[in-house]
Every structure is written in structure tokens, then in C-alpha cells.
Amino acid sequence: MSLNMYQYLAKNMADPESSILTALSASPETSIPDTWAFSLSQNLDHNTVVGLSKSLEGDAYVSLRELSTQFYVLSSEAEEILTNGSQEMRVLRALVNSGEGGMAMAELENVVGKDICKIGMGNCLKNKWAKKEKDGRLVAVVGEMNDEVRDMLGLLKESSGDAAALDDKALAALKRRKLISLVTRKSYSITRGPAYAPQRVKKAADLTKEMLDSGKWKDTPFKPYNFQTLGETVGGGYLHPLLKVRAELRKILMEMGFQEMPTNKWVESSFWNFDSLFQPQSHPARDAHDTFFIKEPAQTISVPEDYYERVKTMHEVGGSGSIGYRYDFKREEAFKNLLRTHTTAISSQMLYKLANQEGGFQPARYFSIDRVFRNETMDATHLCEFHQVEGLVADYNLSLGDLIGTIETFFRKIGITKLRFKPAFNPYTEPSMEIFGYHPDLKKWTEIGNSGMFRPEMLTPMGLPENVRVIAWGLSLERPTMIKYRIDNIRNLFGHKVDMGMTKNAPVCRFEKANEEAENQ
Ligand code: FB9
């Protein structure tokens, strides 16, 4: 083998790309008719050749025309027949060798094997090469036969699966026996492209300072800028489902004319969290079983002293028609710091400000959505912290009807139209009502919140005008989110066990306003 033939081969074996370009170098008309035959001839992997051809086409060095070739491939059983003959031939040979008496099935199975026997015997009987005696023995009725099946498979293999090698009947028979299957191979014919050259010049992807300094940029071929490429997907954060529902509820409450209360302070004084709400200092919710008290700083710094006195008085002896709780109100207890147990602690402060603002009281609608903490036993739907959603309206002469109407409007906007109100008790509202809603998806009545009218014992000490009433309601953020995102265990929604995939793929939260049809359910 001459040196340049060796060098030629070494170079091409080394780099299939130039073997393709070289194959087209003879003349502009020269083409590579079929990449499949070309890779066989060059002993190259066809996929590599196709991959390279496509990238050369990308740089216009070549043009490709797709070819699709259909041909039959032999199954492993067919390959086995090619080696050892068809099952029926092997059975016939065994029966012929066994002489006149033929063989019992078990014997035959021993000789040719269970599967061969089963298929072979079936075909022998079908081809009337053998017969079954009354006593079940199998006897050959013909001598040596031609193993057509093997021959047909041989022909097909020689023609590397070309269907033209056999007639349709033969092909159908082989297909019926699942000995062959038709496959389609995609390949390409290659011709020179507009930028053809026997060697690909690597196009520069970046204009570098060196090129500019050296002026080399003038004769450097550059990769065309592909302004269509999308670029790398920039990762980003995902809103936790809770925050998606919060955003939706915010939008709904602002649509209803409510403004958000500042809830960014989780530590509250017992005074604002309990006392200002006329919740007695002996109330069970105020002991460490239900509330997280702060060890350091244990006591709050200050409260509005004049207001403090009025609250103390209301607790101890009442006033404006209330008899109060008739106990000694302890400053130390009121000053205890805690993790707020409800965002109602913010409502009390906002109402106090409303009562004592410049220009006096103005009607207002406030809402809050933020974390609250309760030292509760945890279960599938309760953690020791959850997000409370609260709404309140402070205005003159508001009635229970206003409260029910407001609650109905709110829940209608989150898809719940059927409500029931059950009398309940809260230390700071009278009357109070638990809210139940018929959930269209769950097809059942669910407790969806609580509500009430703040007690005068809470409002009067704040200095709110006599006939101002404050209606309020509350629910959690977790429950609607769990229902919306079909999450049955709160640990899969909130906490260290949450799988980030869930947050990533959680759809946008959209509460379909209750449409008519939901109405008439
Ligand atoms: O959220 C609750 N339920 C709920 C809400 C919405 C929902 O689905 C939406 C349509 C898609 C489904 C369920 N609840 C309140 C009811 C129950 O889950 C209850 O078992 C648990 N409650 C929490 C307190 O648990 C100790 C939910 C939380 C709750 C309860 C009461 C208030 C706030 C949150 C309140 C109040 C209030 C009352 C008067 C004045 C001001 C505030």
C-alpha cells in the first residue's frame, strides 16, 4: 500500500469530516449517493457521518437530500433457522430418522426440544409432512423435503433485506411467523454546498481583542450570528403555591376596596394580641400550651398608657354597657411578648390608629394575609404556624347582614357560592359565626372560616365613635391552597419536606369567579 494511500486512509480514518469533503473533491458534480453505503465503505459509524453531514450543511459546505430505505431484518429465531434449519424441517428429520413407528410427542420433544417441537410439529401437520396416529404417535409421511423457509430467509439476508428478493406470499408467510420485520433507515445523499471546500475552515465564534489588534479579523470567516437562538433558559425562582394563592386573594380583596395591613412583625405583645381584643388574661389560649411566648425579650417596651388604662378598666369592671370580667388585670401579663397567634393583633392596632388619627375616625376596609403561630399538636392539616387571611370593615351602623354580604362577595370570588353560617364564639366578637361553604370540586360542605362583629368592649376603649361597628372574618391560606393544588397533607405544602418540583410545576392560581352554572348546582 503506497505511502500517500496510507496517509490518505490514516487522515480519513482519523477524521471522517474530511473523508466526506474529500469524497466530493473530485468534481463539482461529485456526490455521495448514500451516506449508509459511504459509511460502510469508509468503515465509519453511520450516525457520525450523518451528524457531521448535517453540521457541514449548517455551514453550507454540503447539501443533503434525505433518503429513506425500507428493508427487512431477520429476527433472532430466523437467524437460528438459517443456522439449524426451520423447526418443521428438524422435526421431519427426527421423525424420518425414527423410522416407520414414528415417535411419541414426549420423545420428539426430547430430540428437538420443546419449542422446536411445538412449532415444527404444527407446521409438519399443516404441510402434511407428518400425521398423528390414533395412539398419538407422530409419523412422517414424506421423506426429505426442501427447507423453503430457510432458503427464503437466506435469500432475504443475502439481499440485505431487500423485499424484491422474495414474492409477497413468501414475505407474508415469514412476517406471519414473525421471522422478519420491515425497518426504515434514514440516510442522505450528499452534494457540494455553496460554501464547499475540501477542508472546513473553523469559523470564529467571537471577535477577540487579539483579532482587532492584529487586524486578523479582516480575513477571518466568522460564524453567522443566529439571532433566532433562544439562549440558555435562565433559571429563576418560583412562587410557592401559598404565595400564588396569596397573590390571588390580595387581588380579590383589593378589588373589593380593602387595603393591606402591615404584618411584617411576628412578635407581638400580649396587650395587642389578646388584651386589646378583650380576651381575658385567664383565657386558655393565653397559656404556653397554645401560645409561643418569647423568652428574650420577655416583656414589650411600651403600650399607649391612656389606652392601656381604658383596656384594663374594661377587663376589670367593664363599661358602656358591659360588666367586664371582674378580675385583676396584670400589667406584667399584658406586657408578655409572644409570636402572634392571629393577625387580628394587627387589626386591633390598625383600629386603634383609625380611632386616634388626625381628623378622627374614617370608615376603612383592611385585610391581612400573613403567618400566625399556635402551639398546636401537628397533624395532616395543622402545623404550629399557618397563614391567616383576615378582612375587616369599620364603618357606621354596620350590621350582621353587612358581614354576611361581605363574606358572600369574598367567597363568591374564590368560587364558593353556597355558604352556611353557624353561630360560634370568639372572645373578641359577638355575634360570631363559623362559615361553611359547599366546595364545587370537593362536592361537600367544608368549614371555610370564622367571623364576627368586634365587641364594643374592644372598640370603645380605642376611642372609636359610639355607632361605629367593625365586622371581620378570617380563614387560612393553607386550606384553599391545599384544595386548589390537590395537596392532602400540609407537610407536602409547607415545611422542609416540600419537594421543590411541586413548587416549580405548580400552575398559576386562578379562582374562577363563581359562574352561573356553579350557581345552579
Ligand atoms: O381556612 C379555613 N378553611 C378553608 C378556607 C378556604 C377553603 O377553600 C377555598 C375555596 C378554596 C377551604 C377551607 N378554616 C379556617 C377552616 C378550617 O380549616 C379550620 O379547621 C382551621 N382554621 C384555622 C385555625 O385553626 C386553628 C382555618 C384557620 C382560621 C380559623 C379562623 C380564623 C382564621 C383562620 C379567623 C378569624 C376571625 C374571626 C372573627 C374576626 C376576625 C377573624
# chains A, B, ... in the order shown; residues from 1 in each chain; ligands from 1

$ closest_atom_pairs --of "chain A" --to "ligand 1" --cutoff "6 Å" --atoms "only C-alpha atoms and all ligand atoms" --output "Markdown table"
| residue | atom | partner | partner_atom_place_in_ligand_line | distance |
| --- | --- | --- | --- | --- |
| A:Gln388 | CA | ligand 1 | 34 (C) | 5.0 |
| A:Glu390 | CA | ligand 1 | 42 (C) | 5.6 |
| A:Ile414 | CA | ligand 1 | 10 (C) | 5.7 |
| A:Ile416 | CA | ligand 1 | 10 (C) | 6.0 |
| A:Glu447 | CA | ligand 1 | 16 (C) | 4.6 |
| A:Ile448 | CA | ligand 1 | 3 (N) | 3.3 |
| A:Gly449 | CA | ligand 1 | 15 (C) | 4.2 |
| A:Asn450 | CA | ligand 1 | 38 (C) | 4.5 |
| A:Ser451 | CA | ligand 1 | 39 (C) | 3.6 |
| A:Gly452 | CA | ligand 1 | 39 (C) | 4.6 |
| A:Ala472 | CA | ligand 1 | 40 (C) | 4.4 |
| A:Trp473 | CA | ligand 1 | 41 (C) | 4.3 |
| A:Gly474 | CA | ligand 1 | 35 (C) | 3.6 |
| A:Leu475 | CA | ligand 1 | 34 (C) | 3.6 |
| A:Ser476 | CA | ligand 1 | 1 (O) | 3.6 |
| A:Arg479 | CA | ligand 1 | 13 (C) | 4.6 |
| A:Pro480 | CA | ligand 1 | 8 (O) | 3.6 |

$ select_by_dssp --residues "range 364-410 of chain A" --states "alpha helix (DSSP H)" --output "PyMOL selection string"
chain A and resi 400-410

$ write_last_selection --atoms "N, CA and C atoms" --output "compact mmCIF listing (two decimals), in the first residue's frame"
# COMPACT_ATOMS: atom_id res chain seq x y z
N LEU A 400 -74.94 42.69 60.94
CA LEU A 400 -74.53 41.31 60.67
C LEU A 400 -74.76 40.99 59.20
N GLY A 401 -75.80 41.63 58.64
CA GLY A 401 -76.10 41.44 57.21
C GLY A 401 -74.93 41.93 56.37
N ASP A 402 -74.35 43.07 56.78
CA ASP A 402 -73.19 43.60 56.05
C ASP A 402 -72.05 42.59 56.11
N LEU A 403 -71.89 41.98 57.28
CA LEU A 403 -70.83 40.99 57.42
C LEU A 403 -71.10 39.81 56.50
N ILE A 404 -72.32 39.27 56.54
CA ILE A 404 -72.65 38.11 55.71
C ILE A 404 -72.50 38.47 54.23
N GLY A 405 -72.95 39.64 53.86
CA GLY A 405 -72.86 40.08 52.46
C GLY A 405 -71.41 40.17 52.01
N THR A 406 -70.59 40.77 52.88
CA THR A 406 -69.17 40.93 52.52
C THR A 406 -68.51 39.56 52.38
N ILE A 407 -68.84 38.67 53.33
CA ILE A 407 -68.26 37.31 53.27
C ILE A 407 -68.72 36.60 52.00
N GLU A 408 -70.00 36.74 51.66
CA GLU A 408 -70.51 36.08 50.44
C GLU A 408 -69.78 36.61 49.21
N THR A 409 -69.60 37.93 49.16
CA THR A 409 -68.92 38.52 48.00
C THR A 409 -67.50 37.94 47.89
N PHE A 410 -66.82 37.88 49.02
CA PHE A 410 -65.43 37.39 49.01
C PHE A 410 -65.36 35.94 48.52

$ residues_around --residues "range 453-464 of chain A" --least-positions-apart "5" --cutoff "8 Å" --atoms "only C-alpha atoms" --output "JSON list (two decimals) with all heavy atoms, in the first residue's frame"
[["chain", "number", "residue", "atom", "x", "y", "z"],
["A", 276, "SER", "N", -56.17, 43.89, 74.01],
["A", 276, "SER", "CA", -56.91, 44.91, 73.25],
["A", 276, "SER", "C", -58.13, 44.28, 72.57],
["A", 276, "SER", "O", -59.07, 44.94, 72.18],
["A", 276, "SER", "CB", -55.99, 45.48, 72.16],
["A", 276, "SER", "OG", -55.68, 44.45, 71.23],
["A", 277, "LEU", "N", -58.12, 42.94, 72.45],
["A", 277, "LEU", "CA", -59.26, 42.25, 71.83],
["A", 277, "LEU", "C", -60.27, 41.81, 72.89],
["A", 277, "LEU", "O", -61.17, 41.00, 72.63],
["A", 277, "LEU", "CB", -58.76, 41.02, 71.05],
["A", 277, "LEU", "CG", -57.77, 41.29, 69.91],
["A", 277, "LEU", "CD1", -57.30, 39.97, 69.31],
["A", 277, "LEU", "CD2", -58.41, 42.16, 68.83],
["A", 278, "PHE", "N", -60.06, 42.34, 74.17],
["A", 278, "PHE", "CA", -60.96, 41.98, 75.28],
["A", 278, "PHE", "C", -60.94, 40.48, 75.53],
["A", 278, "PHE", "O", -61.93, 39.84, 75.88],
["A", 278, "PHE", "CB", -62.40, 42.45, 74.96],
["A", 278, "PHE", "CG", -63.31, 42.44, 76.16],
["A", 278, "PHE", "CD1", -63.00, 43.17, 77.30],
["A", 278, "PHE", "CD2", -64.47, 41.66, 76.16],
["A", 278, "PHE", "CE1", -63.84, 43.13, 78.40],
["A", 278, "PHE", "CE2", -65.29, 41.64, 77.27],
["A", 278, "PHE", "CZ", -64.98, 42.37, 78.38],
["A", 307, "TYR", "N", -54.61, 54.46, 76.71],
["A", 307, "TYR", "CA", -55.44, 53.40, 76.13],
["A", 307, "TYR", "C", -55.33, 52.16, 77.01],
["A", 307, "TYR", "O", -56.32, 51.50, 77.33],
["A", 307, "TYR", "CB", -54.98, 53.08, 74.70],
["A", 307, "TYR", "CG", -55.60, 51.89, 74.05],
["A", 307, "TYR", "CD1", -56.97, 51.68, 74.06],
["A", 307, "TYR", "CD2", -54.79, 50.92, 73.41],
["A", 307, "TYR", "CE1", -57.53, 50.56, 73.47],
["A", 307, "TYR", "CE2", -55.35, 49.79, 72.82],
["A", 307, "TYR", "CZ", -56.72, 49.63, 72.86],
["A", 307, "TYR", "OH", -57.27, 48.50, 72.31],
["A", 310, "ARG", "N", -57.67, 52.27, 79.79],
["A", 310, "ARG", "CA", -59.07, 52.04, 79.41],
["A", 310, "ARG", "C", -59.31, 50.55, 79.18],
["A", 310, "ARG", "O", -60.34, 49.99, 79.56],
["A", 310, "ARG", "CB", -59.41, 52.84, 78.14],
["A", 310, "ARG", "CG", -59.41, 54.36, 78.34],
["A", 310, "ARG", "CD", -60.13, 55.05, 77.18],
["A", 310, "ARG", "NE", -59.46, 54.87, 75.90],
["A", 310, "ARG", "CZ", -58.43, 55.65, 75.50],
["A", 310, "ARG", "NH1", -57.94, 56.58, 76.31],
["A", 310, "ARG", "NH2", -57.87, 55.44, 74.31],
["A", 311, "VAL", "N", -58.31, 49.87, 78.60],
["A", 311, "VAL", "CA", -58.45, 48.42, 78.38],
["A", 311, "VAL", "C", -58.51, 47.70, 79.72],
["A", 311, "VAL", "O", -59.38, 46.87, 79.98],
["A", 311, "VAL", "CB", -57.28, 47.89, 77.51],
["A", 311, "VAL", "CG1", -57.26, 46.36, 77.52],
["A", 311, "VAL", "CG2", -57.40, 48.42, 76.09],
["A", 314, "MET", "N", -61.84, 48.15, 81.22],
["A", 314, "MET", "CA", -62.89, 47.36, 80.56],
["A", 314, "MET", "C", -62.81, 45.92, 81.00],
["A", 314, "MET", "O", -63.81, 45.27, 81.29],
["A", 314, "MET", "CB", -62.73, 47.47, 79.04],
["A", 314, "MET", "CG", -63.84, 46.80, 78.24],
["A", 314, "MET", "SD", -65.47, 47.46, 78.61],
["A", 314, "MET", "CE", -65.51, 48.94, 77.58],
["A", 318, "GLY", "N", -65.53, 46.61, 83.20],
["A", 318, "GLY", "CA", -66.42, 46.80, 82.04],
["A", 318, "GLY", "C", -66.61, 48.27, 81.72],
["A", 318, "GLY", "O", -65.75, 49.10, 82.00],
["A", 319, "GLY", "N", -67.80, 48.61, 81.18],
["A", 319, "GLY", "CA", -68.12, 49.98, 80.81],
["A", 319, "GLY", "C", -68.96, 49.94, 79.55],
["A", 319, "GLY", "O", -69.09, 48.87, 78.93],
["A", 320, "SER", "N", -69.59, 51.06, 79.20],
["A", 320, "SER", "CA", -70.51, 51.23, 78.05],
["A", 320, "SER", "C", -71.36, 49.98, 77.91],
["A", 320, "SER", "O", -71.36, 49.31, 76.88],
["A", 320, "SER", "CB", -69.74, 51.52, 76.76],
["A", 320, "SER", "OG", -68.79, 50.53, 76.48],
["A", 322, "SER", "N", -71.09, 47.05, 79.38],
["A", 322, "SER", "CA", -70.52, 45.72, 79.67],
["A", 322, "SER", "C", -70.11, 45.66, 81.13],
["A", 322, "SER", "O", -69.66, 46.65, 81.70],
["A", 322, "SER", "CB", -69.29, 45.49, 78.79],
["A", 322, "SER", "OG", -68.60, 44.34, 79.27],
["A", 324, "GLY", "N", -67.67, 43.74, 82.08],
["A", 324, "GLY", "CA", -66.25, 43.37, 82.12],
["A", 324, "GLY", "C", -66.08, 41.96, 82.66],
["A", 324, "GLY", "O", -67.04, 41.19, 82.75],
["A", 351, "LEU", "N", -57.13, 49.50, 64.07],
["A", 351, "LEU", "CA", -58.40, 50.14, 64.51],
["A", 351, "LEU", "C", -58.09, 51.23, 65.52],
["A", 351, "LEU", "O", -58.67, 52.32, 65.48],
["A", 351, "LEU", "CB", -59.33, 49.07, 65.09],
["A", 351, "LEU", "CG", -59.92, 48.08, 64.08],
["A", 351, "LEU", "CD1", -60.61, 46.92, 64.79],
["A", 351, "LEU", "CD2", -60.91, 48.81, 63.15],
["A", 352, "TYR", "N", -57.11, 50.97, 66.40],
["A", 352, "TYR", "CA", -56.72, 51.98, 67.40],
["A", 352, "TYR", "C", -56.20, 53.22, 66.68],
["A", 352, "TYR", "O", -56.60, 54.35, 66.99],
["A", 352, "TYR", "CB", -55.64, 51.41, 68.32],
["A", 352, "TYR", "CG", -55.09, 52.41, 69.29],
["A", 352, "TYR", "CD1", -55.82, 52.78, 70.42],
["A", 352, "TYR", "CD2", -53.85, 53.01, 69.07],
["A", 352, "TYR", "CE1", -55.33, 53.74, 71.30],
["A", 352, "TYR", "CE2", -53.36, 53.97, 69.93],
["A", 352, "TYR", "CZ", -54.10, 54.32, 71.05],
["A", 352, "TYR", "OH", -53.63, 55.30, 71.92],
["A", 354, "LEU", "N", -56.93, 54.08, 63.67],
["A", 354, "LEU", "CA", -58.08, 54.67, 62.95],
["A", 354, "LEU", "C", -58.84, 55.60, 63.90],
["A", 354, "LEU", "O", -59.29, 56.69, 63.51],
["A", 354, "LEU", "CB", -59.00, 53.51, 62.51],
["A", 354, "LEU", "CG", -59.81, 53.64, 61.21],
["A", 354, "LEU", "CD1", -58.91, 54.05, 60.05],
["A", 354, "LEU", "CD2", -60.51, 52.31, 60.90],
["A", 355, "ALA", "N", -58.91, 55.16, 65.17],
["A", 355, "ALA", "CA", -59.69, 55.95, 66.15],
["A", 355, "ALA", "C", -58.94, 57.19, 66.58],
["A", 355, "ALA", "O", -59.53, 58.21, 66.93],
["A", 355, "ALA", "CB", -59.99, 55.08, 67.37],
["A", 356, "ASN", "N", -57.61, 57.12, 66.50],
["A", 356, "ASN", "CA", -56.82, 58.23, 67.07],
["A", 356, "ASN", "C", -56.03, 59.00, 66.02],
["A", 356, "ASN", "O", -55.10, 59.73, 66.33],
["A", 356, "ASN", "CB", -55.87, 57.64, 68.11],
["A", 356, "ASN", "CG", -56.65, 56.95, 69.20],
["A", 356, "ASN", "OD1", -57.17, 57.56, 70.12],
["A", 356, "ASN", "ND2", -56.81, 55.63, 69.05],
["A", 361, "PHE", "N", -61.88, 59.43, 63.19],
["A", 361, "PHE", "CA", -62.20, 58.15, 62.53],
["A", 361, "PHE", "C", -62.71, 58.36, 61.12],
["A", 361, "PHE", "O", -63.46, 59.30, 60.83],
["A", 361, "PHE", "CB", -63.29, 57.40, 63.32],
["A", 361, "PHE", "CG", -63.85, 56.23, 62.57],
["A", 361, "PHE", "CD1", -63.16, 55.03, 62.50],
["A", 361, "PHE", "CD2", -65.06, 56.35, 61.89],
["A", 361, "PHE", "CE1", -63.67, 53.96, 61.77],
["A", 361, "PHE", "CE2", -65.57, 55.27, 61.17],
["A", 361, "PHE", "CZ", -64.88, 54.09, 61.12],
["A", 400, "LEU", "N", -74.94, 42.69, 60.94],
["A", 400, "LEU", "CA", -74.53, 41.31, 60.67],
["A", 400, "LEU", "C", -74.76, 40.99, 59.20],
["A", 400, "LEU", "O", -73.98, 40.29, 58.56],
["A", 400, "LEU", "CB", -75.35, 40.34, 61.55],
["A", 400, "LEU", "CG", -74.81, 38.93, 61.66],
["A", 400, "LEU", "CD1", -73.41, 38.94, 62.29],
["A", 400, "LEU", "CD2", -75.76, 38.04, 62.46],
["A", 403, "LEU", "N", -71.89, 41.98, 57.28],
["A", 403, "LEU", "CA", -70.83, 40.99, 57.42],
["A", 403, "LEU", "C", -71.10, 39.81, 56.50],
["A", 403, "LEU", "O", -70.24, 39.41, 55.70],
["A", 403, "LEU", "CB", -70.73, 40.50, 58.87],
["A", 403, "LEU", "CG", -69.71, 39.39, 59.14],
["A", 403, "LEU", "CD1", -68.32, 39.79, 58.70],
["A", 403, "LEU", "CD2", -69.73, 38.99, 60.62],
["A", 428, "TYR", "N", -63.49, 37.98, 71.14],
["A", 428, "TYR", "CA", -63.45, 39.39, 70.71],
["A", 428, "TYR", "C", -64.55, 39.76, 69.72],
["A", 428, "TYR", "O", -64.63, 40.87, 69.25],
["A", 428, "TYR", "CB", -62.08, 39.67, 70.05],
["A", 428, "TYR", "CG", -61.58, 38.55, 69.21],
["A", 428, "TYR", "CD1", -61.96, 38.44, 67.88],
["A", 428, "TYR", "CD2", -60.74, 37.56, 69.73],
["A", 428, "TYR", "CE1", -61.52, 37.39, 67.09],
["A", 428, "TYR", "CE2", -60.29, 36.51, 68.96],
["A", 428, "TYR", "CZ", -60.68, 36.43, 67.63],
["A", 428, "TYR", "OH", -60.28, 35.37, 66.85],
["A", 429, "THR", "N", -65.44, 38.80, 69.42],
["A", 429, "THR", "CA", -66.55, 39.16, 68.52],
["A", 429, "THR", "C", -67.86, 38.64, 69.11],
["A", 429, "THR", "O", -67.90, 37.58, 69.72],
["A", 429, "THR", "CB", -66.36, 38.51, 67.13],
["A", 429, "THR", "OG1", -66.13, 37.11, 67.33],
["A", 429, "THR", "CG2", -65.23, 39.13, 66.37],
["A", 430, "GLU", "N", -68.87, 39.36, 68.97],
["A", 430, "GLU", "CA", -70.22, 38.92, 69.36],
["A", 430, "GLU", "C", -71.22, 39.66, 68.48],
["A", 430, "GLU", "O", -71.12, 40.92, 68.40],
["A", 430, "GLU", "CB", -70.50, 39.21, 70.84],
["A", 430, "GLU", "CG", -71.79, 38.62, 71.33],
["A", 430, "GLU", "CD", -71.86, 37.10, 71.07],
["A", 430, "GLU", "OE1", -70.85, 36.41, 71.32],
["A", 430, "GLU", "OE2", -72.87, 36.64, 70.51],
["A", 431, "PRO", "N", -72.08, 39.07, 67.73],
["A", 431, "PRO", "CA", -72.13, 37.63, 67.47],
["A", 431, "PRO", "C", -70.94, 37.15, 66.64],
["A", 431, "PRO", "O", -70.27, 37.95, 65.99],
["A", 431, "PRO", "CB", -73.45, 37.46, 66.70],
["A", 431, "PRO", "CG", -73.59, 38.76, 65.96],
["A", 431, "PRO", "CD", -73.08, 39.80, 66.90],
["A", 432, "SER", "N", -70.68, 35.85, 66.72],
["A", 432, "SER", "CA", -69.62, 35.21, 65.92],
["A", 432, "SER", "C", -70.24, 34.09, 65.11],
["A", 432, "SER", "O", -71.24, 33.48, 65.53],
["A", 432, "SER", "CB", -68.54, 34.64, 66.83],
["A", 432, "SER", "OG", -68.07, 35.63, 67.72],
["A", 469, "ARG", "N", -69.26, 50.35, 63.91],
["A", 469, "ARG", "CA", -69.22, 48.89, 64.10],
["A", 469, "ARG", "C", -68.08, 48.34, 63.24],
["A", 469, "ARG", "O", -67.73, 48.94, 62.22],
["A", 469, "ARG", "CB", -70.53, 48.26, 63.64],
["A", 469, "ARG", "CG", -71.76, 48.80, 64.39],
["A", 469, "ARG", "CD", -72.05, 47.94, 65.61],
["A", 469, "ARG", "NE", -73.17, 48.53, 66.39],
["A", 469, "ARG", "CZ", -74.43, 48.60, 65.92],
["A", 469, "ARG", "NH1", -74.71, 48.13, 64.70],
["A", 469, "ARG", "NH2", -75.37, 49.13, 66.65],
["A", 470, "VAL", "N", -67.50, 47.26, 63.66],
["A", 470, "VAL", "CA", -66.43, 46.64, 62.87],
["A", 470, "VAL", "C", -66.78, 45.18, 62.65],
["A", 470, "VAL", "O", -66.92, 44.42, 63.60],
["A", 470, "VAL", "CB", -65.05, 46.75, 63.57],
["A", 470, "VAL", "CG1", -63.97, 46.13, 62.68],
["A", 470, "VAL", "CG2", -64.72, 48.21, 63.88],
["A", 471, "ILE", "N", -66.95, 44.82, 61.34],
["A", 471, "ILE", "CA", -67.25, 43.43, 61.00],
["A", 471, "ILE", "C", -65.95, 42.81, 60.49],
["A", 471, "ILE", "O", -65.12, 43.49, 59.87],
["A", 471, "ILE", "CB", -68.36, 43.35, 59.93],
["A", 471, "ILE", "CG1", -67.95, 44.14, 58.67],
["A", 471, "ILE", "CG2", -69.67, 43.86, 60.49],
["A", 471, "ILE", "CD1", -68.96, 44.06, 57.55],
["A", 472, "ALA", "N", -65.74, 41.54, 60.77],
["A", 472, "ALA", "CA", -64.48, 40.91, 60.35],
["A", 472, "ALA", "C", -64.68, 39.43, 60.11],
["A", 472, "ALA", "O", -65.61, 38.83, 60.62],
["A", 472, "ALA", "CB", -63.40, 41.11, 61.42]]

$ residues_around --residues "range 288-291 of chain A" --least-positions-apart "6" --cutoff "8 Å" --atoms "only C-alpha atoms" --output "ChimeraX atom specification"
/A:338-339,341,373-376

$ select_by_dssp --residues "range 89-240 of chain A" --states "strand (DSSP E)" --output "number ranges by chain"
A: 130-132, 138-140, 180-192

$ residues_around --residues "range 126-138 of chain A" --least-positions-apart "5" --cutoff "7 Å" --atoms "only C-alpha atoms" --output "list of chain:residue names"
A:Gly102, A:Met103, A:Ala104, A:Met105

$ residues_around --residues "range 171-182 of chain A" --least-positions-apart "4" --cutoff "12 Å" --atoms "only C-alpha atoms" --output "PyMOL selection string"
chain A and resi 69-82+86-87+119-120+123+148-157+160-167

$ residues_around --residues "range 32-48 of chain A" --least-positions-apart "2" --cutoff "6 Å" --atoms "only C-alpha atoms" --output "list in words"
Val50, Gly51, Ser187, Tyr188, Ser189 and Ile190 of chain A
